[in-house]
$ cat model-v4.cif   # mmCIF, C-alpha atoms and all ligand atoms
data_work
#
loop_
_atom_site.label_atom_id
_atom_site.label_comp_id
_atom_site.auth_asym_id
_atom_site.auth_seq_id
_atom_site.Cartn_x
_atom_site.Cartn_y
_atom_site.Cartn_z
CA MET A 1 0.00 0.00 0.00
CA THR A 2 1.21 3.41 -0.91
CA ALA A 3 0.68 6.12 1.70
CA THR A 4 0.47 9.84 2.28
CA LEU A 5 3.37 11.50 4.08
CA GLU A 6 2.76 14.59 6.18
CA ALA A 7 5.37 16.67 7.96
CA THR A 8 4.12 19.48 10.17
CA ASP A 9 6.32 22.20 11.65
CA LEU A 10 9.26 19.80 11.63
CA ARG A 11 12.34 20.92 13.56
CA LYS A 12 15.79 19.48 14.12
CA GLN A 13 18.39 21.15 16.26
CA PHE A 14 21.73 19.35 16.48
CA ALA A 15 23.90 19.92 19.54
CA ILE A 16 25.70 22.76 17.80
CA GLY A 17 24.88 25.34 15.12
CA ARG A 18 21.66 26.84 13.86
CA PRO A 19 18.62 24.56 13.41
CA ALA A 20 19.18 22.11 10.52
CA ILE A 21 15.40 22.07 9.94
CA ASP A 22 13.45 25.07 11.09
CA GLY A 23 9.68 24.63 10.96
CA VAL A 24 9.19 22.67 7.74
CA SER A 25 5.67 21.60 6.73
CA PHE A 26 4.71 19.70 3.60
CA ALA A 27 2.57 16.80 2.44
CA VAL A 28 3.21 14.13 -0.15
CA PRO A 29 -0.16 12.76 -1.30
CA ALA A 30 -0.28 8.98 -1.92
CA GLY A 31 1.30 8.11 -5.26
CA GLU A 32 3.00 11.49 -5.73
CA ILE A 33 6.66 12.34 -6.08
CA VAL A 34 7.73 15.39 -4.09
CA VAL A 35 11.26 16.68 -4.62
CA LEU A 36 13.00 18.79 -1.98
CA LEU A 37 15.46 21.02 -3.83
CA GLY A 38 18.09 23.28 -2.32
CA PRO A 39 21.81 23.99 -2.00
CA SER A 40 24.17 21.86 0.04
CA GLY A 41 23.58 22.21 3.80
CA CYS A 42 19.98 23.48 3.55
CA GLY A 43 18.60 20.49 5.47
CA LYS A 44 17.42 18.06 2.78
CA THR A 45 19.15 14.96 4.11
CA THR A 46 18.20 15.78 7.70
CA THR A 47 14.54 16.07 6.66
CA LEU A 48 14.70 12.73 4.86
CA ARG A 49 16.44 11.05 7.78
CA CYS A 50 13.80 12.37 10.17
CA VAL A 51 11.09 10.85 7.97
CA ALA A 52 13.03 7.57 7.93
CA GLY A 53 13.44 7.63 11.71
CA LEU A 54 17.24 7.64 11.44
CA GLU A 55 17.36 11.12 12.95
CA HIS A 56 15.26 12.22 15.90
CA PRO A 57 13.44 15.51 15.27
CA THR A 58 13.36 18.01 18.11
CA GLY A 59 9.90 19.32 17.25
CA GLY A 60 6.85 18.93 15.03
CA GLU A 61 5.09 15.89 13.71
CA ILE A 62 5.56 13.28 10.98
CA ALA A 63 2.67 11.06 9.89
CA ILE A 64 2.86 8.24 7.34
CA GLY A 65 -0.42 6.84 6.06
CA GLY A 66 -2.27 8.81 8.73
CA LYS A 67 -0.23 7.26 11.54
CA VAL A 68 1.96 9.57 13.61
CA VAL A 69 5.50 8.14 13.59
CA SER A 70 7.27 11.06 15.22
CA GLN A 71 6.08 13.67 17.67
CA PRO A 72 8.74 14.54 20.26
CA GLU A 73 6.32 16.67 22.31
CA ARG A 74 4.35 13.52 23.11
CA GLY A 75 7.31 11.17 23.20
CA ILE A 76 6.26 9.34 20.02
CA LEU A 77 9.11 7.90 17.96
CA VAL A 78 8.42 4.85 15.81
CA PRO A 79 11.71 3.06 14.93
CA PRO A 80 12.80 2.96 11.25
CA ARG A 81 12.01 -0.74 10.80
CA ALA A 82 8.41 -0.21 11.82
CA ARG A 83 7.85 2.64 9.35
CA ASP A 84 7.62 0.41 6.23
CA LEU A 85 9.71 2.51 3.90
CA GLY A 86 12.44 2.04 1.33
CA MET A 87 15.55 4.17 1.01
CA VAL A 88 18.02 4.83 -1.78
CA PHE A 89 21.18 6.81 -1.08
CA GLN A 90 23.81 8.60 -3.10
CA SER A 91 26.35 5.83 -2.59
CA TYR A 92 25.53 2.48 -4.15
CA ALA A 93 24.44 0.54 -1.09
CA VAL A 94 24.73 -2.91 -2.62
CA TRP A 95 26.46 -6.01 -1.25
CA PRO A 96 29.47 -6.63 -3.48
CA HIS A 97 29.81 -10.35 -2.74
CA MET A 98 26.29 -11.09 -3.98
CA THR A 99 24.60 -11.35 -7.35
CA VAL A 100 21.95 -8.89 -8.47
CA ARG A 101 19.19 -11.36 -7.55
CA GLN A 102 20.67 -12.07 -4.12
CA ASN A 103 20.88 -8.35 -3.39
CA VAL A 104 17.31 -7.72 -4.43
CA VAL A 105 15.76 -10.74 -2.67
CA TYR A 106 17.50 -9.89 0.60
CA PRO A 107 14.80 -7.67 2.17
CA LEU A 108 12.20 -10.39 1.50
CA LYS A 109 14.10 -12.89 3.63
CA HIS A 110 13.07 -11.04 6.76
CA ARG A 111 9.45 -11.04 5.73
CA LYS A 112 7.17 -14.04 5.69
CA ILE A 113 7.07 -14.60 1.95
CA SER A 114 7.27 -17.98 0.20
CA ARG A 115 10.22 -18.72 -2.08
CA THR A 116 8.00 -18.78 -5.15
CA ASP A 117 6.41 -15.46 -4.28
CA ALA A 118 9.78 -13.91 -3.49
CA SER A 119 11.20 -15.10 -6.78
CA LYS A 120 8.23 -13.66 -8.66
CA LYS A 121 8.54 -10.30 -6.90
CA VAL A 122 12.25 -10.15 -7.70
CA ASP A 123 11.64 -10.93 -11.37
CA GLU A 124 8.98 -8.23 -11.54
CA VAL A 125 11.08 -5.54 -9.94
CA LEU A 126 14.17 -6.42 -12.01
CA ALA A 127 12.06 -6.07 -15.16
CA LEU A 128 10.84 -2.71 -13.88
CA VAL A 129 14.35 -1.33 -13.42
CA GLY A 130 15.61 -2.91 -16.65
CA LEU A 131 17.94 -5.49 -15.11
CA SER A 132 16.24 -8.79 -16.01
CA GLU A 133 19.23 -9.94 -18.02
CA TYR A 134 21.65 -9.17 -15.21
CA ALA A 135 19.89 -11.14 -12.46
CA ASP A 136 22.65 -13.70 -11.97
CA ARG A 137 25.65 -11.43 -12.44
CA SER A 138 27.79 -10.28 -9.58
CA VAL A 139 27.01 -6.65 -8.75
CA VAL A 140 30.69 -5.70 -8.94
CA ALA A 141 30.53 -6.39 -12.68
CA LEU A 142 27.92 -3.66 -13.13
CA SER A 143 28.22 0.03 -14.02
CA GLY A 144 27.39 2.70 -11.43
CA GLY A 145 24.02 3.28 -13.04
CA GLN A 146 23.21 -0.43 -12.92
CA MET A 147 24.29 -0.67 -9.28
CA GLN A 148 21.95 2.18 -8.46
CA ARG A 149 19.18 0.30 -10.27
CA VAL A 150 19.93 -2.69 -8.02
CA ALA A 151 19.67 -0.45 -4.94
CA LEU A 152 16.39 0.91 -6.26
CA ALA A 153 15.02 -2.57 -6.98
CA ARG A 154 15.99 -3.71 -3.50
CA SER A 155 14.27 -0.75 -1.87
CA MET A 156 11.07 -1.38 -3.85
CA VAL A 157 10.84 -5.18 -3.90
CA TYR A 158 8.75 -5.39 -0.73
CA ARG A 159 6.52 -2.55 -1.90
CA PRO A 160 7.03 -0.22 1.04
CA GLN A 161 4.38 2.42 1.57
CA LEU A 162 6.91 5.21 1.02
CA LEU A 163 10.19 5.52 -0.86
CA LEU A 164 12.89 7.98 0.22
CA LEU A 165 15.66 8.89 -2.20
CA ASP A 166 18.67 11.02 -1.25
CA GLU A 167 20.52 12.33 -4.31
CA PRO A 168 20.63 8.83 -5.84
CA LEU A 169 22.05 10.09 -9.14
CA SER A 170 24.90 12.29 -7.88
CA ASN A 171 27.63 9.69 -8.18
CA LEU A 172 26.80 8.80 -11.78
CA ASP A 173 28.51 10.29 -14.80
CA ALA A 174 26.50 12.79 -16.83
CA LYS A 175 25.08 10.46 -19.47
CA LEU A 176 23.98 7.73 -17.05
CA ARG A 177 22.56 10.33 -14.75
CA LEU A 178 20.23 11.72 -17.42
CA ARG A 179 19.20 8.24 -18.52
CA LEU A 180 18.38 7.01 -14.99
CA ARG A 181 16.72 10.31 -14.14
CA ASP A 182 14.24 9.89 -16.97
CA ASP A 183 13.76 6.17 -16.24
CA LEU A 184 13.29 6.80 -12.55
CA ARG A 185 10.15 8.85 -13.06
CA VAL A 186 8.67 6.16 -15.32
CA ILE A 187 9.55 3.45 -12.78
CA LEU A 188 8.11 5.36 -9.82
CA LYS A 189 4.95 6.21 -11.72
CA GLN A 190 4.50 2.58 -12.82
CA THR A 191 4.63 1.41 -9.23
CA GLY A 192 2.40 4.27 -8.05
CA MET A 193 4.62 4.64 -5.01
CA THR A 194 4.72 7.73 -2.82
CA ALA A 195 8.21 9.15 -3.02
CA LEU A 196 10.19 11.88 -1.31
CA TYR A 197 13.29 12.70 -3.34
CA VAL A 198 15.98 15.20 -2.39
CA THR A 199 18.50 16.83 -4.70
CA HIS A 200 20.48 20.03 -5.27
CA ASP A 201 19.96 19.66 -9.05
CA GLN A 202 17.12 21.77 -10.40
CA ALA A 203 16.88 19.85 -13.68
CA GLU A 204 16.40 16.61 -11.74
CA ALA A 205 13.72 18.25 -9.61
CA VAL A 206 11.74 19.40 -12.63
CA VAL A 207 11.88 16.09 -14.47
CA LEU A 208 11.05 13.95 -11.45
CA GLY A 209 8.76 15.95 -9.23
CA ASP A 210 5.00 16.19 -9.30
CA ARG A 211 5.74 18.97 -6.87
CA ILE A 212 8.94 20.68 -5.86
CA GLY A 213 9.76 22.20 -2.49
CA VAL A 214 12.64 24.67 -2.46
CA MET A 215 14.66 24.77 0.77
CA ARG A 216 17.17 27.24 2.17
CA ASP A 217 18.79 27.37 5.61
CA GLY A 218 16.47 24.74 7.10
CA LYS A 219 13.32 26.43 5.80
CA LEU A 220 10.92 25.46 3.04
CA LEU A 221 10.51 28.62 0.97
CA GLN A 222 7.96 27.43 -1.55
CA ILE A 223 6.29 24.20 -2.56
CA GLY A 224 4.37 23.86 -5.80
CA SER A 225 4.15 22.25 -9.23
CA PRO A 226 7.26 22.57 -11.41
CA ASP A 227 5.30 25.09 -13.47
CA GLU A 228 4.59 27.24 -10.40
CA ILE A 229 8.19 27.06 -9.20
CA TYR A 230 9.52 27.94 -12.65
CA ASN A 231 7.00 30.57 -13.66
CA ARG A 232 5.94 32.13 -10.37
CA PRO A 233 8.86 31.81 -7.92
CA ALA A 234 7.84 33.14 -4.50
CA ASP A 235 11.06 35.03 -3.83
CA LEU A 236 14.40 36.04 -5.28
CA PHE A 237 16.19 32.97 -3.90
CA VAL A 238 13.76 30.50 -5.51
CA ALA A 239 13.94 32.45 -8.77
CA ASN A 240 17.72 32.50 -8.72
CA PHE A 241 18.16 28.87 -7.65
CA THR A 242 15.87 27.64 -10.43
CA GLY A 243 17.74 29.53 -13.11
CA ALA A 244 16.59 33.18 -13.15
CA THR A 245 20.17 34.22 -12.49
CA ASN A 246 20.07 37.79 -13.82
CA GLU A 247 19.32 40.58 -11.36
CA LEU A 248 18.47 44.23 -11.88
CA ALA A 249 18.02 46.57 -8.91
CA GLY A 250 15.65 49.54 -8.96
CA THR A 251 12.76 51.33 -7.30
CA LEU A 252 9.11 50.64 -7.96
CA ILE A 253 7.53 53.92 -9.04
CA ALA A 254 4.04 52.87 -10.15
CA ARG A 255 1.70 49.91 -9.99
CA ASN A 256 -0.53 48.78 -12.79
CA GLY A 257 -2.40 45.64 -11.73
CA GLN A 258 -0.02 42.68 -11.81
CA PHE A 259 2.73 44.81 -13.34
CA GLY A 260 4.69 47.78 -12.14
CA THR A 261 7.07 50.41 -13.46
CA VAL A 262 10.60 50.22 -12.10
CA ASP A 263 13.15 53.02 -12.16
CA PHE A 264 16.62 51.56 -12.72
CA GLY A 265 18.35 54.92 -12.25
CA GLY A 266 20.00 57.14 -14.86
CA GLY A 267 16.63 57.82 -16.47
CA ARG A 268 16.06 54.13 -17.33
CA CYS A 269 12.70 52.56 -16.56
CA GLY A 270 11.10 49.20 -17.24
CA GLU A 271 8.03 47.11 -16.60
CA ALA A 272 8.03 44.05 -14.34
CA ALA A 273 5.59 41.46 -13.05
CA LEU A 274 4.91 41.90 -9.34
CA LEU A 275 5.12 38.47 -7.71
CA GLN A 276 5.07 39.89 -4.19
CA GLN A 277 2.99 42.56 -2.45
CA LEU A 278 4.93 45.70 -3.40
CA ASN A 279 4.18 49.41 -3.24
CA PRO A 280 5.52 52.45 -5.07
CA GLY A 281 8.70 53.61 -3.36
CA ASP A 282 9.82 50.06 -2.53
CA LYS A 283 13.34 49.05 -3.49
CA VAL A 284 13.10 45.99 -5.73
CA ARG A 285 15.24 43.43 -7.44
CA ILE A 286 14.21 41.99 -10.78
CA ALA A 287 15.03 38.35 -11.55
CA LEU A 288 15.23 37.29 -15.18
CA ARG A 289 16.22 34.09 -16.96
CA PRO A 290 19.07 34.29 -19.50
CA GLU A 291 16.88 32.44 -22.02
CA ASN A 292 14.14 35.06 -21.71
CA ILE A 293 16.27 37.96 -22.96
CA ALA A 294 15.65 38.43 -26.66
CA ILE A 295 18.87 39.62 -28.32
CA GLY A 296 18.72 41.33 -31.66
CA ARG A 297 15.18 42.64 -31.48
CA GLN A 298 13.12 45.29 -29.80
CA ASP A 299 9.53 44.44 -29.15
CA GLY A 300 7.26 46.59 -27.00
CA ALA A 301 7.97 47.32 -23.33
CA ASN A 302 11.54 46.98 -22.00
CA SER A 303 13.23 47.42 -25.35
CA TYR A 304 16.75 48.77 -24.99
CA THR A 305 20.17 48.78 -26.62
CA ALA A 306 22.88 46.66 -25.00
CA GLY A 307 26.55 46.06 -25.65
CA ILE A 308 27.85 42.54 -26.25
CA VAL A 309 30.75 42.14 -23.84
CA ASP A 310 31.57 38.47 -24.28
CA ARG A 311 30.16 35.35 -25.85
CA ARG A 312 30.60 31.65 -25.21
CA TYR A 313 29.61 29.37 -28.06
CA GLN A 314 28.32 26.03 -26.74
CA GLY A 315 27.35 24.28 -29.96
CA THR A 316 23.57 24.23 -29.69
CA GLN A 317 23.39 27.59 -27.88
CA THR A 318 25.46 30.70 -27.25
CA VAL A 319 25.75 32.51 -23.92
CA TYR A 320 26.35 36.26 -24.15
CA ASP A 321 27.46 38.67 -21.44
CA ILE A 322 25.68 41.90 -22.22
CA ASP A 323 26.01 45.36 -20.74
CA LEU A 324 22.62 46.94 -20.15
CA PHE A 325 22.97 50.50 -18.86
CA GLY A 326 25.82 49.52 -16.61
CA HIS A 327 24.39 46.16 -15.45
CA ARG A 328 26.03 42.94 -16.55
CA LEU A 329 23.44 40.34 -17.66
CA GLU A 330 23.67 36.92 -19.22
CA ALA A 331 21.58 36.16 -22.30
CA LEU A 332 21.10 32.89 -24.09
CA GLU A 333 20.57 32.38 -27.80
CA LEU A 334 19.39 28.98 -28.93
CA GLY A 335 20.63 27.45 -32.19
CA THR A 336 23.95 26.44 -33.67
CA ALA A 337 24.76 29.91 -35.04
CA ALA A 338 26.16 32.66 -32.78
CA ARG A 339 24.71 35.71 -34.50
CA HIS A 340 26.04 38.59 -32.42
CA ALA A 341 29.65 39.71 -32.31
CA ILE A 342 31.59 40.93 -29.27
CA GLY A 343 31.84 44.73 -29.05
CA VAL A 344 28.67 45.42 -31.01
CA GLU A 345 25.67 47.40 -29.75
CA THR A 346 22.49 45.41 -30.27
CA PRO A 347 18.78 45.82 -29.60
CA VAL A 348 17.46 43.68 -26.74
CA CYS A 349 14.06 43.07 -25.23
CA LEU A 350 13.31 41.93 -21.68
CA PRO A 351 9.68 40.74 -21.87
CA ARG A 352 7.88 42.23 -18.88
CA GLU A 353 6.13 38.97 -17.91
CA ALA A 354 9.61 37.40 -17.58
CA CYS A 355 10.91 40.22 -15.34
CA TRP A 356 9.88 39.30 -11.80
CA ALA A 357 10.06 42.00 -9.14
CA TYR A 358 10.84 41.11 -5.52
CA ARG A 359 11.41 43.20 -2.43
CA ASP A 360 15.10 44.11 -2.22
CA GLN A 361 16.61 42.35 0.79
CA GLY A 362 20.19 42.85 -0.29
CA PRO A 363 22.25 40.67 -2.58
CA LEU A 364 21.76 36.91 -2.39
CA SER A 365 24.35 34.96 -0.48
CA TYR A 366 24.58 31.21 -0.35
CA ASP A 367 25.89 30.76 3.16
N1 LIG A 401 24.99 14.91 12.69
C1 LIG A 401 25.06 16.25 12.59
N2 LIG A 401 25.52 17.01 13.60
C2 LIG A 401 25.58 18.36 13.53
N3 LIG A 401 25.15 19.05 12.45
C3 LIG A 401 24.67 18.37 11.40
C4 LIG A 401 24.59 16.93 11.42
N4 LIG A 401 24.06 16.52 10.23
C5 LIG A 401 23.82 17.65 9.52
N5 LIG A 401 24.19 18.74 10.22
C6 LIG A 401 24.05 20.15 9.77
O1 LIG A 401 22.71 20.38 9.43
C7 LIG A 401 22.62 21.20 8.29
C8 LIG A 401 21.81 20.50 7.20
O2 LIG A 401 22.56 19.40 6.73
P1 LIG A 401 21.99 18.38 5.66
O3 LIG A 401 20.62 17.99 6.05
O4 LIG A 401 22.98 17.29 5.49
O5 LIG A 401 21.92 19.28 4.36
P2 LIG A 401 21.77 18.87 2.81
O6 LIG A 401 21.40 17.44 2.72
O7 LIG A 401 20.73 19.79 2.29
O8 LIG A 401 23.10 19.17 2.18
C9 LIG A 401 24.03 21.54 7.90
O9 LIG A 401 24.36 22.79 8.45
C10 LIG A 401 24.84 20.43 8.53
O10 LIG A 401 26.14 20.87 8.82
MG MG A 402 22.38 15.87 1.71
#

$ encode --input "model-v4.cif" --output "structure tokens"
Amino acid sequence: MTATLEATDLRKQFAIGRPAIDGVSFAVPAGEIVVLLGPSGCGKTTTLRCVAGLEHPTGGEIAIGGKVVSQPERGILVPPRARDLGMVFQSYAVWPHMTVRQNVVYPLKHRKISRTDASKKVDEVLALVGLSEYADRSVVALSGGQMQRVALARSMVYRPQLLLLDEPLSNLDAKLRLRLRDDLRVILKQTGMTALYVTHDQAEAVVLGDRIGVMRDGKLLQIGSPDEIYNRPADLFVANFTGATNELAGTLIARNGQFGTVDFGGGRCGEAALLQQLNPGDKVRIALRPENIAIGRQDGANSYTAGIVDRRYQGTQTVYDIDLFGHRLEALELGTAARHAIGVETPVCLPREACWAYRDQGPLSYD
């Protein structure tokens, strides 16, 4: 049976330092994949380990399938074994002296399952992860990606009610990582399992997650569909971490429904979408994706002239550093031709719906 996971006001304070998790609440509905995304040290692993019961939270509540498994205030702490969950880690946690089949059947040995049933379950799960032909090979003869498939099969073979995955693709080389990333979503969706997946890789989060929660410094900043996270980031950090890496500072001088006019100084103004409650006079920062800057054309609001400072040709796209009235921005041009030369002045357009205004709380820092 697949189950709902609910974390409410979860807290973890280690003996030293600031809280590793600081009031995190989220739910993973049965059968959904929720990805917690954030930079190293933001509390992803600690959250996952609290759900697993490997770490003892200092506050809040965790419920799996409607049953409270952790609530320090009332002294409730269900041990990991009794939580009925599967885990996959970054390192390939497979037993090297065993074959693929022996690794995968292992968790069934501690459960009352007949040999025939066990064998059937192993065959099914190996087919699911694409390892049927490798069943009788030693795991040491496998590639990293295949070993991680073994670990995945072993965590799923007893059909736990919840699967926890902690950066399972980070140790794989780029090509295998992309392949397993895409397969993983198909596999998880085929089983209909509830999954909590943590990663620092935004591309992984988008491909895998039904919903993505963005974390920073032990806090969950926003949780929503990939579309919401990508197109309506709640704050500058979420915008920046998911790829809107350009920033322009200014002052909001007028509001016009969902948009506002921003004064960038030096007589330059522009229009921006207001994703937070902002008022005229507020200092703002605009976040903008490199791929949303149109180079070489002017088209309605926010049309300017920019200088091309540098360009990096990457084969299927070109990244330009442009100078826009004294601000350095990055712009991306798709296609195999780099059409703009360094040193040239060129028209650019920053579509106003792609310019997101947030309250200015100083420059972003990642520590
Ligand atoms: N056992 C521990 N003792 C003390 N501090 C810890 C321990 N484990 C993690 N931390 C701290 O908690 C914070 C969150 O760590 P972690 O959950 O591992 O982050 P992430 O997985 O997002 O990289 C970090 O500041 C880390 O140093
Ligand atoms: Mg971690």

$ axis_aligned_box --input "model-v4.cif" --around "segment 69-79 of chain A" --padding-each-side "5 Å" --output "AutoDock Vina command-line options"
--center_x 8.0 --center_y 9.9 --center_z 18.4 --size_x 17.4 --size_y 23.6 --size_z 19.6

$ residues_near_ligand --input "model-v4.cif" --ligand "ligand LIG 401 (chain A)" --cutoff "7 Å" --atoms "all atoms listed in the file" --output "list of chain:residue names"
A:Phe14, A:Ala15, A:Ile16, A:Gly17, A:Ala20, A:Gly38, A:Pro39, A:Ser40, A:Gly41, A:Cys42, A:Gly43, A:Lys44, A:Thr45, A:Thr46, A:Thr47, A:Gly218

$ closest_residue --input "model-v4.cif" --among "A:Leu165, A:Val100, A:Val122, A:Val78" --to "ligand MG 402 (chain A)" --atoms "all atoms listed in the file"
A:Leu165

$ closest_residue --input "model-v4.cif" --among "A:Arg211, A:His200, A:Arg81, A:Lys120" --to "Asp166 of chain A" --atoms "all atoms listed in the file"
A:His200

$ closest_residue --input "model-v4.cif" --among "A:Leu169, A:Leu221, A:Val198, A:Ala244" --to "ligand MG 402 (chain A)" --atoms "all atoms listed in the file"
A:Val198

$ residues_around --input "model-v4.cif" --residues "Lys121 of chain A" --least-positions-apart "6" --cutoff "10 Å" --atoms "all atoms listed in the file" --output "MDAnalysis selection string"
chainID A and resid 104:105 108 113 115 127 156:159

$ closest_residue --input "model-v4.cif" --among "A:Asp310, A:Asp360, A:Asp227, A:Glu353" --to "Val284 of chain A" --atoms "only C-alpha atoms"
A:Asp360

$ atom_distance --input "model-v4.cif" --atom1 "atom CA of Ile295 of chain A" --atom2 "atom CA of Thr261 of chain A"
21.8 Å

$ closest_residue --input "model-v4.cif" --among "A:Lys189, A:His327, A:Arg11, A:Arg49" --to "ligand MG 402 (chain A)" --atoms "all atoms listed in the file"
A:Arg49

$ residues_around --input "model-v4.cif" --residues "Asp183 of chain A" --least-positions-apart "3" --cutoff "10 Å" --atoms "all atoms listed in the file" --output "MDAnalysis selection string"
chainID A and resid 128:130 149 177:180 186:189 208

$ atom_distance --input "model-v4.cif" --atom1 "atom CA of Ala239 of chain A" --atom2 "atom CA of Pro226 of chain A"
12.2 Å

$ closest_residue --input "model-v4.cif" --among "A:Arg285, A:Arg311, A:Arg297, A:Arg359" --to "Pro347 of chain A" --atoms "all atoms listed in the file"
A:Arg297

$ residues_near_point --input "model-v4.cif" --point "(14.8, 25.2, 13.5)" --cutoff "6 Å" --atoms "only C-alpha atoms" --output "number ranges by chain"
A: 11-12, 19, 21-23

$ residues_around --input "model-v4.cif" --residues "Val344 of chain A" --least-positions-apart "2" --cutoff "9 Å" --atoms "only C-alpha atoms" --output "MDAnalysis selection string"
chainID A and resid 306:309 340:342 346

$ atom_distance --input "model-v4.cif" --atom1 "atom CA of Glu247 of chain A" --atom2 "atom CA of Ala203 of chain A"
21.0 Å

$ residues_around --input "model-v4.cif" --residues "segment 314-317 of chain A" --least-positions-apart "2" --cutoff "9 Å" --atoms "all atoms listed in the file" --output "ChimeraX atom specification"
/A:312,319,332-338

$ residues_around --input "model-v4.cif" --residues "Asp84 of chain A" --least-positions-apart "6" --cutoff "10 Å" --atoms "all atoms listed in the file" --output "VMD selection string"
chain A and resid 1 52 64 158 to 163
